[in-house]
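**Q** Sending over protein_39.csv (CSV, C-alpha atoms).
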chain,number,residue,atom,x,y,z
D,1,MET,CA,143.4,110.2,71.3
D,2,HIS,CA,139.7,109.4,70.8
D,3,PRO,CA,137.6,110.8,73.6
D,4,LEU,CA,136.2,107.4,74.4
D,5,LEU,CA,139.7,106.0,74.9
D,6,MET,CA,140.8,108.7,77.3
D,7,LYS,CA,141.5,107.7,80.9
D,8,PRO,CA,138.3,108.2,82.9
D,9,SER,CA,138.3,110.8,85.7
D,10,HIS,CA,137.7,110.0,89.4
D,11,LYS,CA,134.1,111.3,89.0
D,12,VAL,CA,133.5,109.0,86.0
D,13,TRP,CA,134.6,106.0,88.0
D,14,LEU,CA,132.2,107.0,90.8
D,15,ALA,CA,129.4,107.2,88.3
D,16,VAL,CA,130.3,103.8,86.8
D,17,GLY,CA,130.4,102.3,90.3
D,18,ALA,CA,127.1,103.7,91.2
D,19,ALA,CA,125.5,102.4,88.0
D,20,MET,CA,126.9,98.9,88.6
D,21,PHE,CA,125.5,98.9,92.1
D,22,LEU,CA,122.1,99.9,90.9
D,23,LEU,CA,122.3,97.2,88.2
D,24,MET,CA,123.1,94.5,90.7
D,25,LEU,CA,120.4,95.7,93.0
D,26,SER,CA,117.9,95.5,90.2
D,27,TRP,CA,119.0,92.1,89.2
D,28,ARG,CA,118.7,90.8,92.7
D,29,THR,CA,115.1,92.1,92.9
D,30,LEU,CA,114.1,90.6,89.5
D,31,SER,CA,115.6,87.2,90.3
D,32,SER,CA,113.9,86.8,93.6
D,33,SER,CA,111.0,84.3,94.1
D,34,ALA,CA,108.3,87.0,94.1
D,35,PHE,CA,107.6,90.0,91.9
D,36,SER,CA,104.8,92.5,91.3
D,37,HIS,CA,102.9,93.7,88.2
D,38,PRO,CA,102.8,96.6,88.3
D,39,ALA,CA,105.5,97.1,91.0
D,40,THR,CA,104.0,97.2,94.4
D,41,SER,CA,106.2,97.1,97.5
D,42,PRO,CA,104.0,97.4,100.6
D,43,THR,CA,105.8,98.3,103.8
D,44,ARG,CA,106.2,95.7,106.6
D,45,SER,CA,103.3,95.4,109.0
D,46,LYS,CA,103.7,94.7,112.7
D,47,GLY,CA,100.0,94.4,113.4
D,48,VAL,CA,96.6,95.8,112.6
D,49,SER,CA,96.6,99.5,112.1
D,50,SER,CA,94.7,101.7,114.6
D,51,ALA,CA,94.0,104.2,111.9
D,52,GLY,CA,90.7,106.1,111.7
D,53,SER,CA,87.8,105.1,109.6
D,54,ASP,CA,88.8,107.5,106.8
D,55,ASP,CA,92.3,106.1,106.4
D,56,PRO,CA,92.9,103.4,103.8
D,57,VAL,CA,93.1,99.8,105.0
D,58,ARG,CA,96.2,97.8,104.3
D,59,ALA,CA,94.4,94.8,102.9
D,60,CYS,CA,94.5,92.4,99.9
D,61,PHE,CA,93.1,89.4,98.2
D,62,VAL,CA,95.3,86.3,98.6
D,63,ILE,CA,95.1,83.5,96.1
D,64,LEU,CA,96.9,80.2,96.1
D,65,VAL,CA,96.5,79.0,92.5
D,66,ARG,CA,98.3,77.0,89.8
D,67,ASN,CA,98.8,77.9,86.1
D,68,ASN,CA,96.3,75.3,85.0
D,69,GLU,CA,93.6,76.9,87.1
D,70,LEU,CA,93.7,80.1,85.0
D,71,ASP,CA,90.1,79.9,83.7
D,72,GLY,CA,88.7,79.1,87.2
D,73,ILE,CA,90.5,82.0,88.8
D,74,LYS,CA,89.6,84.4,86.0
D,75,SER,CA,85.9,83.5,86.7
D,76,THR,CA,86.3,84.3,90.4
D,77,ILE,CA,88.2,87.6,89.7
D,78,ALA,CA,85.5,88.7,87.3
D,79,GLN,CA,82.8,88.2,89.9
D,80,VAL,CA,84.8,89.9,92.7
D,81,GLU,CA,85.5,92.9,90.5
D,82,GLN,CA,81.9,93.1,89.4
D,83,THR,CA,80.4,92.8,92.9
D,84,PHE,CA,83.0,94.6,95.0
D,85,ASN,CA,86.5,95.5,93.9
D,86,ARG,CA,85.9,97.7,90.9
D,87,LYS,CA,84.7,100.2,93.6
D,88,PHE,CA,87.7,99.8,96.0
D,89,ASN,CA,90.7,98.5,94.0
D,90,TYR,CA,92.3,96.3,96.7
D,91,PRO,CA,95.4,94.5,95.5
D,92,TYR,CA,95.6,90.8,94.5
D,93,VAL,CA,98.4,88.6,95.7
D,94,PHE,CA,98.8,85.4,93.7
D,95,LEU,CA,100.9,82.6,95.1
D,96,ASN,CA,102.0,79.3,93.5
D,97,ASP,CA,104.3,76.4,94.2
D,98,ASP,CA,105.7,76.9,90.7
D,99,TYR,CA,106.6,80.0,88.6
D,100,PHE,CA,103.6,81.7,87.0
D,101,THR,CA,103.5,81.6,83.3
D,102,ASP,CA,103.5,84.8,81.2
D,103,GLU,CA,100.1,83.8,80.0
D,104,PHE,CA,98.7,83.6,83.5
D,105,ILE,CA,100.2,86.9,84.5
D,106,GLU,CA,99.0,88.8,81.4
D,107,GLN,CA,95.5,87.5,81.6
D,108,THR,CA,94.9,87.9,85.3
D,109,SER,CA,96.5,91.4,85.5
D,110,ALA,CA,94.3,92.5,82.6
D,111,MET,CA,91.2,91.8,84.6
D,112,THR,CA,91.6,94.6,87.2
D,113,ASN,CA,92.8,98.1,87.7
D,114,ALA,CA,94.1,97.1,91.1
D,115,PRO,CA,97.8,96.2,91.8
D,116,VAL,CA,98.6,92.6,91.3
D,117,SER,CA,101.6,90.6,92.7
D,118,TYR,CA,102.9,87.1,91.9
D,119,GLY,CA,105.0,85.0,94.2
D,120,LYS,CA,106.5,81.5,94.3
D,121,LEU,CA,106.6,79.5,97.4
D,122,ASP,CA,109.9,78.2,98.8
D,123,SER,CA,110.5,74.6,100.0
D,124,GLN,CA,109.9,75.6,103.6
D,125,MET,CA,106.4,76.7,102.8
D,126,TRP,CA,105.6,73.9,100.3
D,127,GLY,CA,107.1,70.5,101.0
D,128,TYR,CA,107.8,68.0,103.7
D,129,PRO,CA,109.4,69.3,106.9
D,130,SER,CA,112.5,67.4,108.0
D,131,HIS,CA,110.8,65.7,110.9
D,132,ILE,CA,108.3,63.8,108.8
D,133,ASN,CA,108.9,60.0,108.3
D,134,LEU,CA,108.2,59.8,104.5
D,135,THR,CA,107.8,56.0,104.6
D,136,TYR,CA,105.2,56.1,107.3
D,137,ALA,CA,103.4,59.0,105.7
D,138,ALA,CA,103.1,57.0,102.4
D,139,GLU,CA,101.8,54.0,104.3
D,140,GLN,CA,99.1,56.2,106.0
D,141,ARG,CA,98.0,57.7,102.7
D,142,THR,CA,97.5,54.1,101.4
D,143,GLU,CA,95.4,53.2,104.4
D,144,MET,CA,93.3,56.3,104.1
D,145,ALA,CA,92.8,55.6,100.3
D,146,LYS,CA,91.4,52.2,101.2
D,147,MET,CA,88.9,54.1,103.4
D,148,GLU,CA,87.9,56.2,100.4
D,149,ILE,CA,88.7,59.4,102.2
D,150,PRO,CA,88.7,62.5,99.9
D,151,TYR,CA,92.2,63.4,98.8
D,152,ALA,CA,93.5,60.5,100.8
D,153,GLY,CA,96.4,59.8,98.5
D,154,SER,CA,97.3,63.3,97.6
D,155,GLU,CA,100.6,64.8,98.8
D,156,SER,CA,100.0,68.2,97.3
D,157,TYR,CA,96.7,68.5,99.1
D,158,ARG,CA,98.5,68.0,102.4
D,159,HIS,CA,101.2,70.5,101.4
D,160,MET,CA,98.4,73.0,100.7
D,161,CYS,CA,96.7,72.4,104.0
D,162,ARG,CA,99.9,72.9,105.9
D,163,PHE,CA,100.8,76.0,103.9
D,164,GLN,CA,97.4,77.6,104.4
D,165,SER,CA,97.5,76.7,108.1
D,166,GLY,CA,100.9,78.1,109.0
D,167,TYR,CA,102.7,79.8,106.1
D,168,PHE,CA,100.6,81.9,103.7
D,169,PHE,CA,100.7,84.9,106.1
D,170,ARG,CA,104.5,84.7,106.3
D,171,HIS,CA,105.1,85.2,102.5
D,172,ARG,CA,106.9,88.5,102.0
D,173,LEU,CA,104.3,89.7,99.5
D,174,LEU,CA,101.8,89.9,102.5
D,175,ASP,CA,104.2,91.8,104.8
D,176,GLY,CA,102.6,95.1,104.2
D,177,TYR,CA,99.0,94.1,104.8
D,178,ASP,CA,96.9,93.8,107.9
D,179,TYR,CA,93.8,92.1,106.5
D,180,TYR,CA,93.2,89.6,103.7
D,181,TRP,CA,90.3,88.0,101.8
D,182,ARG,CA,91.1,84.5,100.5
D,183,LEU,CA,89.9,83.7,97.0
D,184,GLU,CA,89.8,80.4,95.2
D,185,PRO,CA,89.2,79.3,91.6
D,186,ASN,CA,85.7,78.2,90.4
D,187,VAL,CA,83.7,79.8,93.2
D,188,TYR,CA,80.7,82.1,92.9
D,189,TYR,CA,79.8,85.5,94.4
D,190,TYR,CA,76.2,86.4,94.0
D,191,CYS,CA,75.6,89.8,95.8
D,192,ASP,CA,76.6,93.4,95.1
D,193,ILE,CA,78.6,94.8,98.0
D,194,ASP,CA,78.4,98.6,98.3
D,195,TYR,CA,80.6,99.1,101.4
D,196,ASP,CA,84.2,98.6,102.1
D,197,ILE,CA,84.4,95.2,103.8
D,198,PHE,CA,87.9,95.7,105.1
D,199,LYS,CA,87.0,99.1,106.7
D,200,TYR,CA,84.1,97.3,108.3
D,201,MET,CA,86.5,94.7,109.7
D,202,ARG,CA,88.9,97.3,111.0
D,203,ASP,CA,86.5,99.9,112.4
D,204,ASN,CA,84.5,97.2,114.2
D,205,ASN,CA,87.5,95.3,115.5
D,206,LYS,CA,86.5,92.1,113.7
D,207,LYS,CA,89.3,89.6,113.4
D,208,TYR,CA,87.6,86.7,111.6
D,209,GLY,CA,84.8,86.6,108.9
D,210,PHE,CA,83.1,83.7,107.2
D,211,THR,CA,80.0,82.8,105.1
D,212,ILE,CA,79.8,79.0,105.4
D,213,SER,CA,80.4,76.8,108.5
D,214,PHE,CA,80.7,73.1,107.9
D,215,LYS,CA,81.1,69.7,109.7
D,216,GLU,CA,84.5,68.1,109.2
D,217,TYR,CA,85.1,64.6,107.8
D,218,MET,CA,86.3,63.2,111.1
D,219,ALA,CA,88.4,60.4,109.6
D,220,THR,CA,90.8,63.1,108.3
D,221,VAL,CA,91.5,64.5,111.8
D,222,PRO,CA,91.3,61.6,114.3
D,223,THR,CA,94.0,62.9,116.6
D,224,LEU,CA,93.7,66.7,116.0
D,225,TRP,CA,91.6,67.5,119.0
D,226,ASN,CA,93.7,65.5,121.5
D,227,THR,CA,96.8,67.2,120.1
D,228,VAL,CA,95.2,70.6,120.6
D,229,MET,CA,94.2,69.7,124.2
D,230,GLN,CA,97.7,68.5,124.9
D,231,PHE,CA,99.1,71.8,123.6
D,232,LYS,CA,96.9,73.6,126.1
D,233,LYS,CA,98.3,71.5,128.9
D,234,ASP,CA,101.9,72.0,127.7
D,235,TYR,CA,101.6,75.7,127.2
D,236,PRO,CA,99.6,77.3,130.0
D,237,GLU,CA,101.5,80.5,129.5
D,238,VAL,CA,99.9,80.7,126.1
D,239,VAL,CA,96.4,79.7,127.2
D,240,LYS,CA,96.4,82.4,129.9
D,241,ASN,CA,96.4,85.1,127.1
D,242,TRP,CA,93.1,83.8,125.6
D,243,PRO,CA,89.7,85.0,126.6
D,244,ALA,CA,87.7,83.1,129.1
D,245,GLN,CA,85.8,80.2,127.5
D,246,LYS,CA,82.5,81.9,128.1
D,247,ASP,CA,83.7,85.0,126.2
D,248,SER,CA,85.1,82.9,123.3
D,249,MET,CA,83.5,80.7,120.7
D,250,TRP,CA,84.6,77.6,122.6
D,251,GLU,CA,81.1,76.1,122.3
D,252,PHE,CA,81.3,76.3,118.5
D,253,ILE,CA,83.9,73.6,118.5
D,254,THR,CA,82.9,71.3,121.4
D,255,ASN,CA,79.6,70.2,122.8
D,256,ASP,CA,81.0,68.6,125.9
D,257,ASN,CA,83.3,71.2,127.4
D,258,GLY,CA,86.4,69.9,125.6
D,259,GLU,CA,86.0,66.2,125.9
D,260,THR,CA,85.6,65.8,122.1
D,261,TYR,CA,85.7,67.9,118.9
D,262,ASN,CA,82.2,68.4,117.5
D,263,SER,CA,83.6,68.7,113.9
D,264,CYS,CA,82.4,72.2,113.4
D,265,HIS,CA,84.7,74.6,111.4
D,266,PHE,CA,84.5,77.7,109.2
D,267,TRP,CA,85.0,76.9,105.6
D,268,THR,CA,88.3,78.6,104.8
D,269,ASN,CA,87.9,78.7,101.0
D,270,PHE,CA,86.1,82.0,101.9
D,271,GLU,CA,88.0,83.7,104.7
D,272,ILE,CA,88.3,87.4,105.6
D,273,ALA,CA,90.5,88.0,108.6
D,274,ALA,CA,93.1,90.0,110.4
D,275,LEU,CA,96.6,88.8,109.7
D,276,ASP,CA,97.8,89.6,113.2
D,277,LEU,CA,95.7,86.6,114.4
D,278,TRP,CA,98.0,84.2,112.6
D,279,ARG,CA,101.1,86.2,113.1
D,280,SER,CA,100.7,86.2,116.9
D,281,ASN,CA,103.1,84.3,119.0
D,282,ASP,CA,100.2,82.3,120.5
D,283,TYR,CA,99.1,81.1,117.1
D,284,LEU,CA,102.6,80.4,115.9
D,285,LYS,CA,103.3,78.2,118.9
D,286,TYR,CA,100.0,76.4,118.4
D,287,PHE,CA,100.8,75.8,114.7
D,288,ASN,CA,104.3,74.7,115.3
D,289,TYR,CA,103.1,72.2,118.0
D,290,LEU,CA,100.6,70.7,115.5
D,291,ASP,CA,103.1,70.7,112.7
D,292,ARG,CA,105.7,68.8,114.9
D,293,SER,CA,103.0,66.1,115.6
D,294,GLY,CA,102.9,65.1,112.0
D,295,GLY,CA,99.2,65.2,111.6
D,296,PHE,CA,99.2,67.2,108.4
D,297,TYR,CA,101.0,64.2,106.7
D,298,TYR,CA,100.2,61.1,108.8
D,299,GLU,CA,96.5,62.0,108.8
D,300,ARG,CA,95.0,64.7,106.6
D,301,TRP,CA,94.5,67.7,108.8
D,302,GLY,CA,92.8,70.6,106.9
D,303,ASP,CA,93.5,74.3,107.4
D,304,ALA,CA,89.8,74.8,108.1
D,305,PRO,CA,89.7,72.9,111.4
D,306,VAL,CA,93.2,74.1,112.3
D,307,HIS,CA,92.2,77.8,111.8
D,308,SER,CA,88.7,77.4,113.3
D,309,ILE,CA,89.8,75.7,116.5
D,310,ALA,CA,92.5,78.4,117.0
D,311,ALA,CA,90.1,81.3,116.3
D,312,ALA,CA,87.4,79.8,118.5
D,313,MET,CA,89.8,79.6,121.5
D,314,MET,CA,91.9,82.8,120.9
D,315,LEU,CA,89.3,85.4,119.9
D,316,ARG,CA,86.3,86.9,121.7
D,317,LYS,CA,82.8,86.4,120.4
D,318,ASP,CA,82.5,90.0,119.2
D,319,GLU,CA,85.6,89.6,117.0
D,320,PHE,CA,83.8,87.2,114.7
D,321,HIS,CA,81.5,88.2,111.8
D,322,PHE,CA,79.1,86.2,109.7
D,323,PHE,CA,79.0,87.9,106.2
D,324,ASN,CA,75.3,87.2,105.6
D,325,ASP,CA,75.2,89.8,102.8
D,326,ILE,CA,77.8,88.0,100.7
D,327,GLY,CA,76.2,85.3,98.6
D,328,TYR,CA,78.8,82.6,98.0
D,329,SER,CA,79.1,79.1,96.6
D,330,HIS,CA,81.8,76.5,96.6
D,331,THR,CA,81.5,72.9,95.2
D,332,GLY,CA,77.7,73.2,95.2
D,333,TYR,CA,77.3,74.4,98.8
D,334,VAL,CA,75.6,77.9,98.9
D,335,HIS,CA,75.2,80.7,101.3
D,336,CYS,CA,72.4,82.9,100.0
D,337,PRO,CA,70.9,85.7,102.1
D,338,THR,CA,67.2,84.8,102.6
D,339,GLN,CA,65.9,88.2,103.8
D,340,PRO,CA,63.7,90.1,101.2
D,341,ALA,CA,66.0,93.1,101.4
D,342,PHE,CA,68.7,91.2,99.5
D,343,ARG,CA,66.6,90.2,96.5
D,344,ASP,CA,67.6,93.3,94.5
D,345,LYS,CA,71.3,92.8,95.4
D,346,CYS,CA,71.7,89.1,95.0
D,347,SER,CA,71.3,86.7,92.0
D,348,CYS,CA,71.2,83.5,94.1
D,349,ASP,CA,68.1,81.5,95.0
D,350,PRO,CA,67.3,81.7,98.7
D,351,ALA,CA,65.9,78.2,98.6
D,352,SER,CA,69.5,77.0,97.9
D,353,ASN,CA,70.8,78.5,101.2
D,354,PHE,CA,72.9,75.9,103.1
D,355,ASP,CA,73.0,77.6,106.5
D,356,TYR,CA,70.6,75.3,108.3
D,357,ASP,CA,71.3,72.0,106.5
D,358,PRO,CA,70.8,69.6,109.4
D,359,ASN,CA,73.4,67.1,108.3
D,360,LEU,CA,76.4,69.3,107.3
D,361,SER,CA,76.0,72.9,108.3
D,362,CYS,CA,77.3,74.2,111.6
D,363,TYR,CA,75.7,77.7,111.4
D,364,SER,CA,73.1,76.9,114.0
D,365,VAL,CA,75.9,75.8,116.4
D,366,TYR,CA,77.6,79.1,115.7
D,367,GLU,CA,74.4,81.0,116.5
D,368,LYS,CA,74.0,79.1,119.8
D,369,ALA,CA,77.6,79.6,120.8
D,370,LEU,CA,77.3,83.3,120.0
D,371,ARG,CA,74.3,83.7,122.3
D,372,SER,CA,75.6,81.5,125.2
How would this structure read if it were set down as structure tokens?
**A**
Amino acid sequence: MHPLLMKPSHKVWLAVGAAMFLLMLSWRTLSSSAFSHPATSPTRSKGVSSAGSDDPVRACFVILVRNNELDGIKSTIAQVEQTFNRKFNYPYVFLNDDYFTDEFIEQTSAMTNAPVSYGKLDSQMWGYPSHINLTYAAEQRTEMAKMEIPYAGSESYRHMCRFQSGYFFRHRLLDGYDYYWRLEPNVYYYCDIDYDIFKYMRDNNKKYGFTISFKEYMATVPTLWNTVMQFKKDYPEVVKNWPAQKDSMWEFITNDNGETYNSCHFWTNFEIAALDLWRSNDYLKYFNYLDRSGGFYYERWGDAPVHSIAAAMMLRKDEFHFFNDIGYSHTGYVHCPTQPAFRDKCSCDPASNFDYDPNLSCYSVYEKALRS
């Protein structure tokens, strides 16, 4: 009998079984909603590491982007690599509500020596929650469009704001990280950064970093503040965990001790922060409360005021950091360091600096709250 037709031995069947198991495991991995290129599988994080300053930081860039924004995100990555990441090689995590194309993956992965990962959002992260009245939501979008409110009629913009407010940090590709730096397409980075930003955040116990602070378009968040105040009343056991108001950035978000929201927020298109802030039970209860109210869809609540109000209440003043040394621009608004020491490091024009714009910037409010 031909050797290939002979009855397999017990050991052969064991080998075949093992091979089939590995094949099934590999198929399950490849067919999941997220994958890496090259393969990167960070271990699950339960909070910010207490490692010493010489230990690596578990940090990444996180990018919510679509395939048609390829050119815009390539521009951003090129600048981030040039000014910072070619020296430190922190991973990039790309997220999308659709599958990334081969072209997108090939072109973005070719721009860096750092690990890159690509993930698709599921319907819980991107889509209407079951408690939303879709008819009423559509009616409200129509009313806001009549008021010519930016993105008034957009459903996807609202999905994005809800995702960035309550879900990006839950995506499994971020499980192994403690810090993140949010990147967006078509932004500009102007200054060479010669130190490890994430190590600075960790070693100095900073939880939230920003470059631009802005005034909100209040017609997009008419009931947000009252909803937050009602949350505080309904969850005193959460509020007791927060720092005293005098030790927090409370005065950054209200000028009248909580009667009203002053519209100030950190612009989250640039955001460097500790993930344990959003992963905390306090924040999750806060987000879930806001989510159940429907304001992301019945109004147009943005992730910037949602994040900023939470951080201002939940963090101590010394846990914030203004990245003055990172020149940055988004949709024409610029933070550019004005001190002479930065002229050799930054390509932006100090005259374009937005920090003290009297009509739209909240940086002076931040400074006052920090000193109070």
**Q** Find the smallest box with edges along x, y and z containing every listed atom of range 76-83 of chain D, then add 5 Å on each side and report centre and edge lengths in Å to one decimal, as AutoDock Vina command-line options.
**A**
--center_x 84.3 --center_y 88.7 --center_z 90.1 --size_x 17.8 --size_y 18.8 --size_z 15.6
**Q** Report as a PyMOL selection string all protein, DNA and RNA residues lying within 12 Å of range 123-133 of chain D, evaluated on all atoms listed in the file, omitting residues in the same chain fewer than 2 positions from it.
**A** chain D and resi 33+64+95-98+120-121+135-140+155-172+288+291-299
**Q** Restricting the calculation to only C-alpha atoms: of D:Glu319, D:Asp357, D:Asp178, D:Glu184, which residue gets closest to Leu70 in chain D?
**A**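 Closest to Leu70 in chain D, using only C-alpha atoms: D:Glu184.
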**Q** Could you check which of D:Cys264, D:Met313, D:Ile197, D:Leu224 is closest to Gly209 in chain D, using all atoms listed in the file?
**A** D:Ile197
**Q** Using all atoms listed in the file, find each residue in range 75-186 of chain D having at least one atom no more than 12 Å away from range 324-346 of chain D; report its shortest atom-to-atom pair and that distance in Å (one decimal), rows by chain then rising number, as a tab-separated table.
**A**
residue	atom	partner	partner_atom	distance
D:Thr76	CA	D:Tyr328	CA	10.8
D:Gln79	CA	D:Tyr328	CA	10.6
D:Val80	CA	D:Ile326	CA	10.8
D:Thr83	CA	D:Lys345	CA	9.4
D:Phe84	CA	D:Ile326	CA	10.2
D:Leu183	CA	D:His330	CA	10.8
D:Glu184	CA	D:His330	CA	9.0
D:Pro185	CA	D:His330	CA	9.4
D:Asn186	CA	D:His330	CA	7.5
**Q** In terms of the shortest atom-to-atom distance over only C-alpha atoms, which of D:Thr227, D:Thr254, D:Thr268, D:Asn205 is closest to Tyr286 in chain D?
**A**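 With only C-alpha atoms as the atom set, the closest residue is D:Thr227.
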**Q** Please provide as a list in words all residues within 9 Å of Ile309 in chain D, with the sequence filter that same-chain residues fewer than 2 positions apart are discarded (counting only C-alpha atoms).
**A**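 Surrounding residues, per the criterion: Trp225, Val228, Trp250, Phe252, Ile253, Cys264, His265, Ala304, Pro305, Val306, His307, Ala311, Ala312, Met313 and Met314 of chain D.
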**Q** So how far away is CA of Ala152 in chain D from CA of Thr223 in chain D, in Å?
**A**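 So the two atoms, CA of Thr223 in chain D and CA of Ala152 in chain D, lie 16.0 Å apart.
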**Q** What does the distance from CA of Asn226 in chain D to CA of Asp247 in chain D come to in Å, to one decimal?
**A**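 Pair CA of Asn226 in chain D / CA of Asp247 in chain D returns 22.4 Å.
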**Q** Have a look at CA of Gln82 in chain D and CA of Ser109 in chain D and let me know their distance in Å, one decimal.
**A**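 Value for the CA of Gln82 in chain D-CA of Ser109 in chain D distance: 15.2 Å.
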**Q** Give the answer as one residue: which of D:Arg66, D:Lys368, D:Lys246, D:Lys87 has the shortest atom-to-atom distance to Ile105 in chain D, using all atoms listed in the file?
**A**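 Comparing D:Arg66, D:Lys368, D:Lys246, D:Lys87 against Ile105 in chain D, the winner is D:Arg66.
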**Q** I need the residue nearest Trp301 in chain D from this list: D:Phe287, D:Tyr200, D:Tyr363, D:Trp181. Use all atoms listed in the file for the distance.
**A**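 Checking each candidate against Trp301 in chain D, we get D:Phe287 as the closest.
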**Q** Give one line per residue of range 53-117 of chain D that approaches range 271-279 of chain D to at most 10 Å, naming the two atoms of the closest pair and their distance in Å to one decimal, counting all atoms listed in the file; sort by chain then ascending residue number and deliver it as a Markdown table.
**A**
| residue | atom | partner | partner_atom | distance |
| --- | --- | --- | --- | --- |
| D:Ala59 | CA | D:Ala274 | CA | 9.0 |
| D:Cys60 | CA | D:Ile272 | CA | 9.8 |
| D:Phe61 | CA | D:Ile272 | CA | 9.0 |
| D:Val62 | CA | D:Glu271 | CA | 9.9 |
**Q** Which residue gives the smallest distance to Ser248 in chain D among D:Ser75, D:Thr220, D:Ser308, D:Asn359, with all atoms listed in the file counted?
**A**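 For Ser248 in chain D, the nearest of the given residues is D:Ser308.
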